[in-house]
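Shown here: upload05.cif, mmCIF, C-alpha atoms.
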```
data_protein
#
loop_
_atom_site.label_atom_id
_atom_site.label_comp_id
_atom_site.auth_asym_id
_atom_site.auth_seq_id
_atom_site.Cartn_x
_atom_site.Cartn_y
_atom_site.Cartn_z
CA MET F 1 20.97 28.83 10.20
CA LEU F 2 21.79 26.69 13.22
CA THR F 3 19.48 28.69 15.50
CA LYS F 4 16.70 28.58 12.91
CA LEU F 5 17.07 24.82 12.52
CA LYS F 6 17.05 24.17 16.28
CA SER F 7 13.89 26.24 16.63
CA PHE F 8 12.20 24.37 13.74
CA ILE F 9 13.10 20.97 15.25
CA GLU F 10 11.75 21.95 18.67
CA LYS F 11 8.58 23.54 17.29
CA ASN F 12 7.70 20.42 15.26
CA GLN F 13 9.05 17.93 17.87
CA LEU F 14 11.05 16.09 15.23
CA PHE F 15 13.43 14.22 17.53
CA ASN F 16 14.94 14.27 20.99
CA LYS F 17 18.42 13.76 22.41
CA SER F 18 17.96 10.02 22.95
CA ASP F 19 17.06 9.32 19.30
CA GLN F 20 19.64 7.72 17.00
CA ILE F 21 19.70 9.80 13.82
CA GLY F 22 20.20 8.70 10.24
CA LEU F 23 20.65 10.95 7.20
CA ALA F 24 19.63 9.90 3.69
CA ILE F 25 22.44 11.23 1.50
CA SER F 26 22.93 11.13 -2.27
CA GLY F 27 26.06 13.26 -2.41
CA GLY F 28 24.12 16.13 -3.98
CA ARG F 29 23.86 19.71 -2.82
CA ASP F 30 20.95 19.43 -0.38
CA SER F 31 21.95 16.28 1.48
CA VAL F 32 25.63 17.34 1.71
CA CYS F 33 24.52 20.65 3.22
CA ALA F 34 22.37 18.69 5.70
CA ALA F 35 25.37 16.51 6.65
CA TYR F 36 27.57 19.54 7.39
CA ILE F 37 24.91 21.33 9.41
CA ILE F 38 24.07 18.23 11.49
CA ASN F 39 27.80 17.77 12.11
CA GLU F 40 28.11 21.45 13.09
CA LEU F 41 25.30 20.95 15.61
CA LYS F 42 27.40 18.09 17.08
CA ILE F 43 24.62 15.56 16.58
CA SER F 44 25.81 11.97 16.11
CA PHE F 45 24.38 10.40 12.97
CA VAL F 46 24.86 7.66 10.38
CA MET F 47 24.69 8.23 6.63
CA VAL F 48 22.43 6.13 4.41
CA HIS F 49 23.19 5.98 0.69
CA VAL F 50 21.40 4.17 -2.15
CA ASN F 51 23.25 3.65 -5.43
CA PHE F 52 20.60 3.06 -8.13
CA ASP F 53 23.26 2.31 -10.78
CA LEU F 54 21.46 4.56 -13.28
CA ARG F 55 24.44 6.69 -14.33
CA LYS F 56 27.14 4.00 -14.14
CA GLU F 57 30.50 5.71 -13.47
CA GLU F 58 28.80 8.85 -12.18
CA SER F 59 26.79 6.75 -9.69
CA GLU F 60 29.95 4.97 -8.57
CA ASN F 61 31.71 8.29 -7.99
CA ASP F 62 28.72 9.56 -5.99
CA GLN F 63 29.09 6.59 -3.66
CA LYS F 64 32.84 7.08 -3.30
CA PHE F 65 32.27 10.75 -2.50
CA VAL F 66 29.76 9.88 0.22
CA GLU F 67 32.08 7.21 1.66
CA GLN F 68 34.88 9.78 2.00
CA LEU F 69 32.53 12.41 3.44
CA SER F 70 31.37 9.98 6.13
CA LYS F 71 35.01 9.70 7.26
CA ASN F 72 35.64 13.46 7.17
CA LEU F 73 32.78 14.57 9.45
CA ALA F 74 33.60 14.05 13.11
CA HIS F 75 30.05 13.31 14.28
CA CYS F 76 29.22 10.88 11.49
CA LYS F 77 29.42 7.39 12.98
CA GLY F 78 29.44 5.47 9.74
CA LEU F 79 27.79 4.79 6.40
CA GLN F 80 25.15 2.25 5.38
CA ALA F 81 25.04 1.83 1.60
CA ILE F 82 23.33 -0.42 -0.93
CA LYS F 83 23.69 -0.78 -4.68
CA LYS F 84 20.65 -1.93 -6.67
CA ASN F 85 19.92 -1.55 -10.36
CA ALA F 86 16.74 0.55 -10.45
CA ALA F 87 16.25 0.12 -14.21
CA LYS F 88 16.30 -3.67 -13.90
CA TYR F 89 13.99 -3.56 -10.88
CA ALA F 90 11.58 -1.30 -12.80
CA LYS F 91 11.44 -3.73 -15.73
CA GLU F 92 10.92 -6.78 -13.49
CA ASN F 93 8.13 -5.09 -11.52
CA LYS F 94 6.55 -3.13 -14.39
CA LEU F 95 7.23 0.27 -12.81
CA SER F 96 8.64 3.55 -13.97
CA VAL F 97 12.28 4.07 -13.00
CA GLN F 98 11.22 6.78 -10.53
CA GLU F 99 8.71 4.44 -8.87
CA ALA F 100 11.31 1.67 -8.74
CA ALA F 101 13.88 3.96 -7.14
CA ARG F 102 11.34 5.04 -4.53
CA GLU F 103 10.45 1.42 -3.67
CA ILE F 104 14.12 0.44 -3.41
CA ARG F 105 14.93 3.49 -1.29
CA TYR F 106 12.14 3.10 1.25
CA SER F 107 12.50 -0.67 1.44
CA TYR F 108 16.14 -0.15 2.41
CA PHE F 109 15.22 2.56 4.91
CA ASP F 110 12.65 0.24 6.52
CA LYS F 111 15.19 -2.57 6.74
CA LEU F 112 17.75 -0.34 8.46
CA LYS F 113 15.13 1.05 10.83
CA LYS F 114 14.07 -2.48 11.85
CA SER F 115 17.74 -3.36 12.37
CA ASN F 116 18.05 -0.42 14.83
CA HIS F 117 20.55 1.56 12.76
CA PHE F 118 18.52 4.68 13.54
CA ASP F 119 15.32 5.84 15.26
CA LYS F 120 14.68 8.83 12.99
CA LEU F 121 15.84 9.32 9.41
CA ILE F 122 16.40 12.82 8.03
CA THR F 123 15.78 13.56 4.37
CA ALA F 124 17.09 16.89 3.06
CA HIS F 125 13.88 18.22 1.50
CA HIS F 126 13.59 21.99 1.74
CA GLN F 127 11.01 24.70 1.01
CA ASN F 128 11.60 24.71 -2.75
CA ASP F 129 10.94 20.94 -2.84
CA LEU F 130 7.70 21.65 -1.00
CA VAL F 131 6.55 24.15 -3.63
CA GLU F 132 7.73 21.99 -6.55
CA THR F 133 5.73 19.04 -5.21
CA PHE F 134 2.71 21.33 -4.84
CA PHE F 135 2.94 22.15 -8.56
CA ILE F 136 3.47 18.50 -9.52
CA ASN F 137 0.34 17.48 -7.60
CA LEU F 138 -1.57 20.44 -8.99
CA TYR F 139 -0.68 19.20 -12.49
CA ARG F 140 -1.81 15.68 -11.50
CA LYS F 141 -5.24 16.98 -10.44
CA SER F 142 -4.73 16.27 -6.73
CA GLY F 143 -7.10 17.35 -3.99
CA ILE F 144 -6.12 19.00 -0.72
CA ASN F 145 -4.30 15.87 0.41
CA GLY F 146 -1.85 16.19 -2.49
CA LEU F 147 -1.64 19.97 -2.52
CA LYS F 148 -0.46 20.05 1.09
CA SER F 149 2.70 18.59 -0.47
CA ILE F 150 5.51 16.94 1.52
CA PRO F 151 4.85 16.35 5.24
CA ILE F 152 7.43 17.56 7.76
CA LYS F 153 7.32 14.14 9.38
CA ARG F 154 5.87 10.79 8.37
CA GLY F 155 6.52 7.88 10.69
CA TYR F 156 10.26 7.76 11.35
CA ILE F 157 11.05 10.03 8.35
CA ILE F 158 11.67 13.64 9.37
CA ARG F 159 12.44 16.74 7.28
CA PRO F 160 13.97 19.48 9.47
CA PHE F 161 15.46 21.26 6.45
CA MET F 162 11.99 22.41 5.48
CA ALA F 163 13.09 25.35 7.59
CA PHE F 164 15.26 26.57 4.69
CA SER F 165 14.92 27.75 1.13
CA SER F 166 17.16 26.60 -1.71
CA GLU F 167 18.86 30.00 -1.67
CA GLU F 168 19.80 29.62 2.02
CA ILE F 169 21.31 26.22 1.31
CA ASP F 170 23.29 27.64 -1.63
CA ALA F 171 24.61 30.45 0.57
CA TYR F 172 25.70 28.02 3.31
CA LEU F 173 27.65 25.85 0.84
CA THR F 174 29.20 28.82 -0.99
CA ASN F 175 30.33 30.62 2.16
CA ARG F 176 32.13 27.49 3.37
CA ALA F 177 33.39 26.36 -0.06
CA ILE F 178 31.80 22.93 0.50
CA GLU F 179 32.05 20.46 -2.37
CA TYR F 180 29.15 18.28 -3.48
CA ARG F 181 28.19 16.08 -6.42
CA GLU F 182 26.02 17.31 -9.29
CA ASP F 183 23.49 14.81 -10.67
CA SER F 184 23.45 15.24 -14.46
CA SER F 185 19.84 14.04 -14.64
CA ASN F 186 18.78 17.19 -12.75
CA GLN F 187 19.31 19.12 -15.99
CA ASN F 188 17.01 16.90 -18.04
CA HIS F 189 13.73 18.72 -18.69
CA LYS F 190 11.88 15.52 -19.60
CA TYR F 191 11.30 15.10 -15.86
CA LEU F 192 8.33 17.16 -14.65
CA ARG F 193 10.07 18.27 -11.45
CA ASN F 194 13.03 19.63 -13.40
CA SER F 195 10.75 21.63 -15.72
CA ILE F 196 8.97 23.14 -12.73
CA ARG F 197 12.28 23.84 -10.97
CA LYS F 198 14.10 25.31 -13.97
CA LYS F 199 11.28 27.01 -15.88
CA VAL F 200 8.00 27.48 -14.02
CA ILE F 201 9.11 28.76 -10.62
CA PRO F 202 11.87 31.10 -11.92
CA SER F 203 9.36 32.59 -14.35
CA ILE F 204 6.90 33.29 -11.52
CA LEU F 205 9.60 34.73 -9.24
CA GLU F 206 10.57 37.27 -11.91
CA SER F 207 7.25 39.06 -11.49
CA MET F 208 6.36 37.94 -7.95
CA PRO F 209 9.54 37.85 -5.79
CA GLN F 210 7.56 36.93 -2.65
CA PHE F 211 5.86 33.98 -4.31
CA LEU F 212 7.97 31.25 -2.66
CA ASP F 213 7.45 32.55 0.90
CA ASN F 214 3.73 33.02 0.29
CA ALA F 215 3.41 29.57 -1.31
CA VAL F 216 5.08 27.94 1.71
CA GLN F 217 2.59 29.69 4.02
CA THR F 218 -0.32 28.69 1.76
CA ILE F 219 0.78 25.05 1.88
CA GLY F 220 0.92 25.34 5.67
CA ASN F 221 -2.68 26.64 5.64
CA LEU F 222 -3.74 23.77 3.37
CA LYS F 223 -2.16 21.29 5.77
CA ALA F 224 -4.03 22.80 8.74
CA GLU F 225 -7.31 22.74 6.80
CA ASN F 226 -6.63 19.19 5.65
CA ASP F 227 -5.96 18.03 9.24
CA THR F 228 -9.27 19.57 10.34
CA PHE F 229 -11.12 18.13 7.34
CA ASN F 230 -9.63 14.68 8.00
CA TYR F 231 -10.68 14.78 11.64
CA LEU F 232 -14.29 15.52 10.71
CA LEU F 233 -14.31 13.21 7.69
CA GLU F 234 -12.99 10.22 9.67
CA GLN F 235 -16.06 10.51 11.91
CA GLU F 236 -18.29 10.34 8.84
CA ILE F 237 -16.31 7.48 7.30
CA SER F 238 -16.76 5.41 10.46
CA LYS F 239 -20.53 5.65 9.92
CA ILE F 240 -20.47 4.13 6.44
CA THR F 241 -17.69 1.54 6.73
CA ASN F 242 -16.97 -1.51 8.81
CA ARG F 243 -14.22 -4.11 8.90
CA ASP F 244 -14.35 -7.85 9.31
CA SER F 245 -11.28 -10.11 9.16
CA GLY F 246 -9.30 -7.47 7.28
CA ILE F 247 -12.03 -6.84 4.69
CA ILE F 248 -13.50 -3.32 4.38
CA PHE F 249 -17.22 -2.95 3.66
CA ILE F 250 -18.59 0.42 2.45
CA SER F 251 -22.34 1.04 2.36
CA LYS F 252 -23.33 2.13 -1.17
CA LYS F 253 -26.56 3.77 0.02
CA LEU F 254 -24.91 5.86 2.75
CA LEU F 255 -21.97 6.79 0.52
CA LEU F 256 -24.26 8.12 -2.20
CA ASN F 257 -26.03 10.36 0.32
CA TYR F 258 -23.01 12.71 0.41
CA PRO F 259 -23.00 15.68 -1.99
CA HIS F 260 -19.63 14.57 -3.42
CA PRO F 261 -19.39 10.79 -2.86
CA THR F 262 -16.28 10.50 -5.04
CA ILE F 263 -14.37 12.74 -2.59
CA VAL F 264 -15.45 10.62 0.39
CA LEU F 265 -14.64 7.37 -1.41
CA TYR F 266 -11.21 8.66 -2.43
CA ARG F 267 -10.42 9.52 1.18
CA ILE F 268 -11.28 5.93 2.15
CA LEU F 269 -9.47 4.23 -0.72
CA ASP F 270 -6.39 6.45 -1.12
CA ARG F 271 -4.57 4.44 1.59
CA TYR F 272 -5.07 1.32 -0.53
CA GLN F 273 -3.51 3.03 -3.59
CA PHE F 274 -6.75 3.60 -5.55
CA ASN F 275 -6.51 6.86 -7.47
CA PHE F 276 -9.14 9.56 -7.93
CA ASP F 277 -10.04 8.50 -11.48
CA GLN F 278 -10.74 4.96 -10.27
CA CYS F 279 -12.98 6.35 -7.51
CA GLN F 280 -14.96 8.30 -10.12
CA GLN F 281 -15.40 5.12 -12.17
CA ILE F 282 -16.52 3.19 -9.08
CA ILE F 283 -19.17 5.79 -8.21
CA GLU F 284 -20.41 5.85 -11.82
CA CYS F 285 -20.98 2.08 -11.87
CA LEU F 286 -22.79 1.78 -8.52
CA ASP F 287 -26.24 2.03 -10.12
CA GLY F 288 -25.41 -0.67 -12.66
CA ILE F 289 -24.88 -4.40 -12.46
CA SER F 290 -22.93 -5.52 -9.40
CA GLY F 291 -19.68 -7.42 -9.77
CA LYS F 292 -17.45 -4.72 -11.28
CA GLN F 293 -13.87 -5.11 -10.05
CA PHE F 294 -11.03 -2.62 -9.64
CA PHE F 295 -7.43 -3.30 -8.67
CA THR F 296 -4.30 -1.68 -7.31
CA LYS F 297 -0.95 -3.36 -6.77
CA THR F 298 -2.00 -4.37 -3.27
CA HIS F 299 -5.81 -4.49 -3.15
CA GLN F 300 -8.90 -5.50 -5.07
CA LEU F 301 -12.33 -3.88 -4.91
CA ILE F 302 -15.67 -5.28 -5.99
CA THR F 303 -19.08 -3.61 -6.17
CA ASP F 304 -21.66 -5.89 -4.56
CA ARG F 305 -25.43 -5.43 -4.37
CA GLU F 306 -25.43 -3.19 -1.29
CA GLN F 307 -21.75 -2.71 -0.52
CA ILE F 308 -18.35 -1.87 -1.91
CA ILE F 309 -15.92 -4.51 -0.70
CA VAL F 310 -12.15 -4.01 -0.44
CA LYS F 311 -9.55 -6.59 0.53
CA THR F 312 -5.89 -7.44 0.07
CA LYS F 313 -5.32 -8.83 -3.40
CA LYS F 314 -4.67 -12.54 -3.63
CA LYS F 315 -1.42 -13.47 -5.31
CA SER F 316 -3.12 -16.13 -7.42
CA GLN F 317 -6.11 -18.45 -7.54
CA ALA F 318 -5.56 -21.60 -5.47
CA THR F 319 -4.70 -24.67 -7.54
CA PRO F 320 -7.41 -27.38 -7.31
CA LEU F 321 -6.51 -30.14 -4.84
CA ILE F 322 -7.06 -33.83 -5.70
CA ILE F 323 -8.10 -36.14 -2.84
CA LYS F 324 -7.84 -39.88 -3.47
CA LYS F 325 -8.46 -41.13 0.08
CA GLU F 326 -9.18 -40.06 3.64
CA GLY F 327 -6.60 -37.88 5.35
CA HIS F 328 -5.57 -34.37 6.28
CA TYR F 329 -5.14 -31.76 3.52
CA MET F 330 -4.36 -28.05 3.02
CA PHE F 331 -6.13 -25.94 0.41
CA SER F 332 -5.23 -22.26 0.23
CA ASN F 333 -5.51 -21.17 3.88
CA HIS F 334 -7.97 -23.94 4.79
CA SER F 335 -7.20 -27.09 6.78
CA ILE F 336 -9.42 -29.99 5.66
CA THR F 337 -9.81 -33.43 7.26
CA ILE F 338 -11.69 -36.33 5.63
CA LYS F 339 -12.15 -39.42 7.81
CA LYS F 340 -14.20 -42.55 7.26
CA VAL F 341 -16.42 -43.34 10.28
CA THR F 342 -18.71 -46.14 11.49
CA HIS F 343 -20.36 -44.14 14.26
CA TRP F 344 -21.43 -40.55 13.94
CA GLU F 345 -23.89 -37.94 15.01
CA PHE F 346 -25.03 -34.82 13.24
CA ASN F 347 -24.30 -31.42 14.77
CA LYS F 348 -24.95 -27.78 13.92
CA ASP F 349 -21.31 -26.88 13.31
CA LYS F 350 -21.20 -25.33 9.83
CA LYS F 351 -17.58 -26.40 9.44
CA GLU F 352 -18.33 -30.11 9.86
CA GLU F 353 -20.49 -32.43 7.74
CA ILE F 354 -21.37 -36.12 7.62
CA MET F 355 -21.55 -37.33 4.01
CA GLN F 356 -22.05 -40.63 2.21
CA ILE F 357 -19.38 -40.80 -0.49
CA PRO F 358 -19.24 -44.07 -2.46
CA PRO F 359 -15.93 -45.19 -4.05
CA SER F 360 -17.23 -44.22 -7.48
CA MET F 361 -17.13 -40.53 -6.46
CA PHE F 362 -13.38 -40.62 -5.80
CA PRO F 363 -11.05 -38.96 -6.49
CA LEU F 364 -12.54 -35.79 -5.02
CA THR F 365 -11.45 -32.29 -5.98
CA ILE F 366 -11.33 -29.23 -3.76
CA ARG F 367 -11.50 -25.97 -5.71
CA ASN F 368 -13.03 -22.50 -5.74
CA TRP F 369 -16.18 -21.32 -7.49
CA LYS F 370 -16.17 -20.84 -11.24
CA SER F 371 -18.72 -19.38 -13.63
CA GLY F 372 -21.44 -21.84 -14.64
CA ASP F 373 -21.28 -23.98 -11.47
CA ARG F 374 -24.56 -25.67 -10.51
CA PHE F 375 -25.51 -27.32 -7.25
CA THR F 376 -28.20 -29.63 -5.82
CA PRO F 377 -28.75 -28.46 -2.22
CA LEU F 378 -29.85 -31.00 0.38
CA GLY F 379 -33.58 -31.75 -0.01
CA MET F 380 -33.81 -30.44 -3.57
CA LYS F 381 -34.42 -32.73 -6.54
CA GLY F 382 -33.32 -30.40 -9.29
CA SER F 383 -30.27 -28.11 -9.38
CA LYS F 384 -29.71 -24.39 -9.16
CA SER F 385 -26.85 -22.16 -10.16
CA LEU F 386 -24.29 -21.69 -7.44
CA SER F 387 -24.48 -17.92 -8.05
CA ASP F 388 -28.21 -17.99 -7.16
CA PHE F 389 -27.43 -20.08 -4.09
CA PHE F 390 -24.88 -17.48 -2.95
CA ILE F 391 -27.45 -14.71 -3.46
CA ASP F 392 -30.05 -16.64 -1.41
CA GLN F 393 -27.48 -17.10 1.35
CA LYS F 394 -26.56 -13.38 1.22
CA ILE F 395 -22.95 -14.28 0.40
CA ASN F 396 -21.21 -11.33 -1.23
CA LEU F 397 -19.21 -11.54 -4.44
CA MET F 398 -15.86 -11.26 -2.67
CA GLU F 399 -16.67 -14.08 -0.23
CA LYS F 400 -17.93 -16.48 -2.86
CA SER F 401 -14.57 -16.53 -4.63
CA GLU F 402 -12.93 -17.66 -1.39
CA ILE F 403 -15.32 -20.48 -0.38
CA PRO F 404 -13.86 -23.95 -1.05
CA LEU F 405 -16.00 -26.55 -2.80
CA ILE F 406 -15.68 -30.34 -2.53
CA CYS F 407 -16.51 -31.86 -5.90
CA SER F 408 -16.71 -35.21 -7.65
CA LYS F 409 -15.90 -34.58 -11.28
CA ASP F 410 -18.30 -31.74 -12.23
CA LYS F 411 -20.72 -32.33 -9.31
CA ILE F 412 -20.47 -30.13 -6.20
CA LEU F 413 -20.81 -32.19 -3.01
CA TRP F 414 -20.32 -29.52 -0.36
CA VAL F 415 -20.22 -25.74 -0.41
CA MET F 416 -17.99 -25.67 2.63
CA GLY F 417 -19.46 -23.95 5.64
CA HIS F 418 -22.87 -23.61 3.99
CA GLN F 419 -24.64 -26.64 2.49
CA ILE F 420 -24.04 -30.22 1.32
CA SER F 421 -25.50 -31.64 -1.85
CA ASP F 422 -28.46 -33.97 -1.86
CA LEU F 423 -26.13 -36.38 -3.71
CA VAL F 424 -24.22 -37.18 -0.49
CA LYS F 425 -27.03 -37.26 2.06
CA VAL F 426 -26.68 -40.21 4.46
CA SER F 427 -29.11 -43.03 3.67
CA GLY F 428 -27.31 -46.08 5.09
CA THR F 429 -24.26 -47.13 7.08
CA LYS F 430 -21.63 -47.64 4.35
CA ASN F 431 -19.09 -45.18 2.95
CA ILE F 432 -19.79 -42.55 5.62
CA TYR F 433 -17.22 -39.77 5.98
CA ARG F 434 -16.82 -37.03 8.52
CA VAL F 435 -15.45 -33.92 6.77
CA LEU F 436 -14.10 -30.99 8.80
CA TYR F 437 -12.44 -27.74 7.76
CA ASN F 438 -10.95 -24.68 9.41
#
```
Mind converting the file's structure to structure tokens?
Amino acid sequence: MLTKLKSFIEKNQLFNKSDQIGLAISGGRDSVCAAYIINELKISFVMVHVNFDLRKEESENDQKFVEQLSKNLAHCKGLQAIKKNAAKYAKENKLSVQEAAREIRYSYFDKLKKSNHFDKLITAHHQNDLVETFFINLYRKSGINGLKSIPIKRGYIIRPFMAFSSEEIDAYLTNRAIEYREDSSNQNHKYLRNSIRKKVIPSILESMPQFLDNAVQTIGNLKAENDTFNYLLEQEISKITNRDSGIIFISKKLLLNYPHPTIVLYRILDRYQFNFDQCQQIIECLDGISGKQFFTKTHQLITDREQIIVKTKKKSQATPLIIKKEGHYMFSNHSITIKKVTHWEFNKDKKEEIMQIPPSMFPLTIRNWKSGDRFTPLGMKGSKSLSDFFIDQKINLMEKSEIPLICSKDKILWVMGHQISDLVKVSGTKNIYRVLYN
């Protein structure tokens, strides 16, 4: 096994001699086997353990077992461990327990990586995990990207034990009489992975003994095809998307030219946690009224007249700001200065305006757009809806929600960066203010 592992590490360039190595260890069969083999290879490493506090005394005993193991293996240089209640975290963040555990785990890994506890972190996934994940993603209606299953390396996470099957790991532990902890939840068939592991795969292997080896090779072929597909697809994606200040714009017209636009859109949006069903819904609504919105935990998407717009989701709408006198103010991420002046000159800077604001208009309010807003642009006698003004100015739906407005009661005085109201045009020398924002 040692020779096979060395060859797999070299072939996939997983780490080199100068890398500090960490091992994610639960105390279970696979990670304990990994610890012994790494130790046998005389590679220095640190153990990383996360106690999710899901099985109370059993979880505590897992941690104690790992603590003792870290002292028993000569090449283990220590243990980094954290205890966090995954069930409580799931409830607070409206996640499943499995999703919560994953977030806790990888957040802790990232923290340790940034603190230089390791350069590369080994997880003990093996070939059976690869095939199980293939079936899980098949059940979840995944495309090639999901069916290629678990990557051998992703960032600093590496999986050298993909070289082995579950049977090889069992044989290693049995031959050396190595003890490990058994997670009781692994026997619970309510979890999809356990059903696949305990029922589906054994049933297939009864009639097709070579299935596991062939499935591993098939997944390897899917990965190679996916890498090639991604290379070609990224060139196409660059033709229909552009970025500006962290916002992604996707041309609706060019997207719909592809034979399967949902597939292309999913490849663009998958990295922002939009799922395939959402992408289907987005494509279906592109011929309808613009303004439909879709959300993930991290991003929001809106269908505009000619584009699909994606940006990081705002935590909350900015609270309106009350201004009683001249001064310097902050609204959302905007810096705003209002200063009374006796001498001035007009300029073409869109972020600066000269306005005549009588005392009766104070206090002023700075807020964002809301439905029903109307506006009297400079030079116009009547009013028009602010939505129509945004359309005339070719301001997309995502941008309009971000533009600050200076108001007096229900009257808009300045659509910042775009146009002042006729109500504050300068017609004398009194109550003149210079207003600037960044």
Answer key for the PyMOL selection byres ((chain F and resi 136) around 10), residues as an MDAnalysis selection string: chainID F and resid 131:135 137:142 146:147 149 192:193 196
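The residues caught by the PyMOL selection byres ((chain F and resi 322) around 12) in this file are F:Thr319, F:Pro320, F:Leu321, F:Ile323, F:Lys324, F:Lys325, F:Glu326, F:Gly327, F:Tyr329, F:Met330, F:Phe331, F:Phe362, F:Pro363, F:Leu364, F:Thr365, F:Ile366, F:Arg367, F:Leu405, F:Ile406, F:Cys407, F:Ser408, F:Lys409.
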Would you mind exporting the chosen residues as a compact mmCIF listing (two decimals), in the coordinates of the input, restricted to C-alpha atoms?
```
# COMPACT_ATOMS: atom_id res chain seq x y z
CA THR F 319 -4.70 -24.67 -7.54
CA PRO F 320 -7.41 -27.38 -7.31
CA LEU F 321 -6.51 -30.14 -4.84
CA ILE F 323 -8.10 -36.14 -2.84
CA LYS F 324 -7.84 -39.88 -3.47
CA LYS F 325 -8.46 -41.13 0.08
CA GLU F 326 -9.18 -40.06 3.64
CA GLY F 327 -6.60 -37.88 5.35
CA TYR F 329 -5.14 -31.76 3.52
CA MET F 330 -4.36 -28.05 3.02
CA PHE F 331 -6.13 -25.94 0.41
CA PHE F 362 -13.38 -40.62 -5.80
CA PRO F 363 -11.05 -38.96 -6.49
CA LEU F 364 -12.54 -35.79 -5.02
CA THR F 365 -11.45 -32.29 -5.98
CA ILE F 366 -11.33 -29.23 -3.76
CA ARG F 367 -11.50 -25.97 -5.71
CA LEU F 405 -16.00 -26.55 -2.80
CA ILE F 406 -15.68 -30.34 -2.53
CA CYS F 407 -16.51 -31.86 -5.90
CA SER F 408 -16.71 -35.21 -7.65
CA LYS F 409 -15.90 -34.58 -11.28
```
Output check: residues returned by the PyMOL selection byres ((chain F and resi 300) around 10), as a list of chain:residue names: F:Tyr272, F:Phe274, F:Gln293, F:Phe294, F:Phe295, F:Thr296, F:Lys297, F:Thr298, F:His299, F:Leu301, F:Ile302, F:Ile309, F:Val310, F:Lys311, F:Thr312, F:Lys313, F:Lys314, F:Met398
What lies within 12 Å of Ile43 in chain F using all atoms listed in the file, ignoring chain neighbours under 3 positions off, as a PDB file with C-alpha atoms, in the coordinates of the input?
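Final output, part_7.pdb:
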```
ATOM      1  CA  LEU F   2      21.790  26.690  13.220  1.00  0.00           C
ATOM      2  CA  LYS F   6      17.050  24.170  16.280  1.00  0.00           C
ATOM      3  CA  PHE F  15      13.430  14.220  17.530  1.00  0.00           C
ATOM      4  CA  ASN F  16      14.940  14.270  20.990  1.00  0.00           C
ATOM      5  CA  LYS F  17      18.420  13.760  22.410  1.00  0.00           C
ATOM      6  CA  SER F  18      17.960  10.020  22.950  1.00  0.00           C
ATOM      7  CA  ASP F  19      17.060   9.320  19.300  1.00  0.00           C
ATOM      8  CA  GLN F  20      19.640   7.720  17.000  1.00  0.00           C
ATOM      9  CA  ILE F  21      19.700   9.800  13.820  1.00  0.00           C
ATOM     10  CA  GLY F  22      20.200   8.700  10.240  1.00  0.00           C
ATOM     11  CA  LEU F  23      20.650  10.950   7.200  1.00  0.00           C
ATOM     12  CA  ALA F  34      22.370  18.690   5.700  1.00  0.00           C
ATOM     13  CA  ALA F  35      25.370  16.510   6.650  1.00  0.00           C
ATOM     14  CA  TYR F  36      27.570  19.540   7.390  1.00  0.00           C
ATOM     15  CA  ILE F  37      24.910  21.330   9.410  1.00  0.00           C
ATOM     16  CA  ILE F  38      24.070  18.230  11.490  1.00  0.00           C
ATOM     17  CA  ASN F  39      27.800  17.770  12.110  1.00  0.00           C
ATOM     18  CA  GLU F  40      28.110  21.450  13.090  1.00  0.00           C
ATOM     19  CA  VAL F  46      24.860   7.660  10.380  1.00  0.00           C
ATOM     20  CA  LEU F  73      32.780  14.570   9.450  1.00  0.00           C
ATOM     21  CA  ALA F  74      33.600  14.050  13.110  1.00  0.00           C
ATOM     22  CA  HIS F  75      30.050  13.310  14.280  1.00  0.00           C
ATOM     23  CA  CYS F  76      29.220  10.880  11.490  1.00  0.00           C
ATOM     24  CA  LYS F  77      29.420   7.390  12.980  1.00  0.00           C
TER      25      LYS F  77
END
```
Pick from F:Thr262, F:Asp183, F:Glu225, F:Lys350, whichever lies nearest to Glu57 in chain F using all atoms listed in the file: F:Asp183
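The closest residue to Gln419 in chain F, picked from F:Gln393, F:Asn221, F:Ser59, F:Ser383 and counting all atoms listed in the file, is F:Gln393.
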Computed interatomic separation between CA of Pro160 in chain F and CA of Lys64 in chain F (Å): 25.9 Å
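Across the structure, CA of Ser427 in chain F and CA of Lys339 in chain F are spaced 17.8 Å apart.
Taking CA of Ala171 in chain F as the reference point, CA of Leu121 in chain F is found at 24.5 Å.
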For Trp369 in chain F: contacts at 12 Å, all atoms listed in the file, fewer than 6 positions along chain excluded, given as a count of residues only: 26
Selection: 12 Å around Gln281 in chain F, all atoms listed in the file, excl. self and same-chain fewer than 4 positions, as JSON, numbers by chain: {"F": [261, 262, 265, 266, 274, 275, 276, 277, 285, 286, 287, 288, 292, 293, 294, 301, 303]}
Nearest to Ser360 in chain F, chosen from F:Asn145, F:Gln278, F:Asn431, F:Thr376, with only C-alpha atoms counted in the distances: F:Asn431
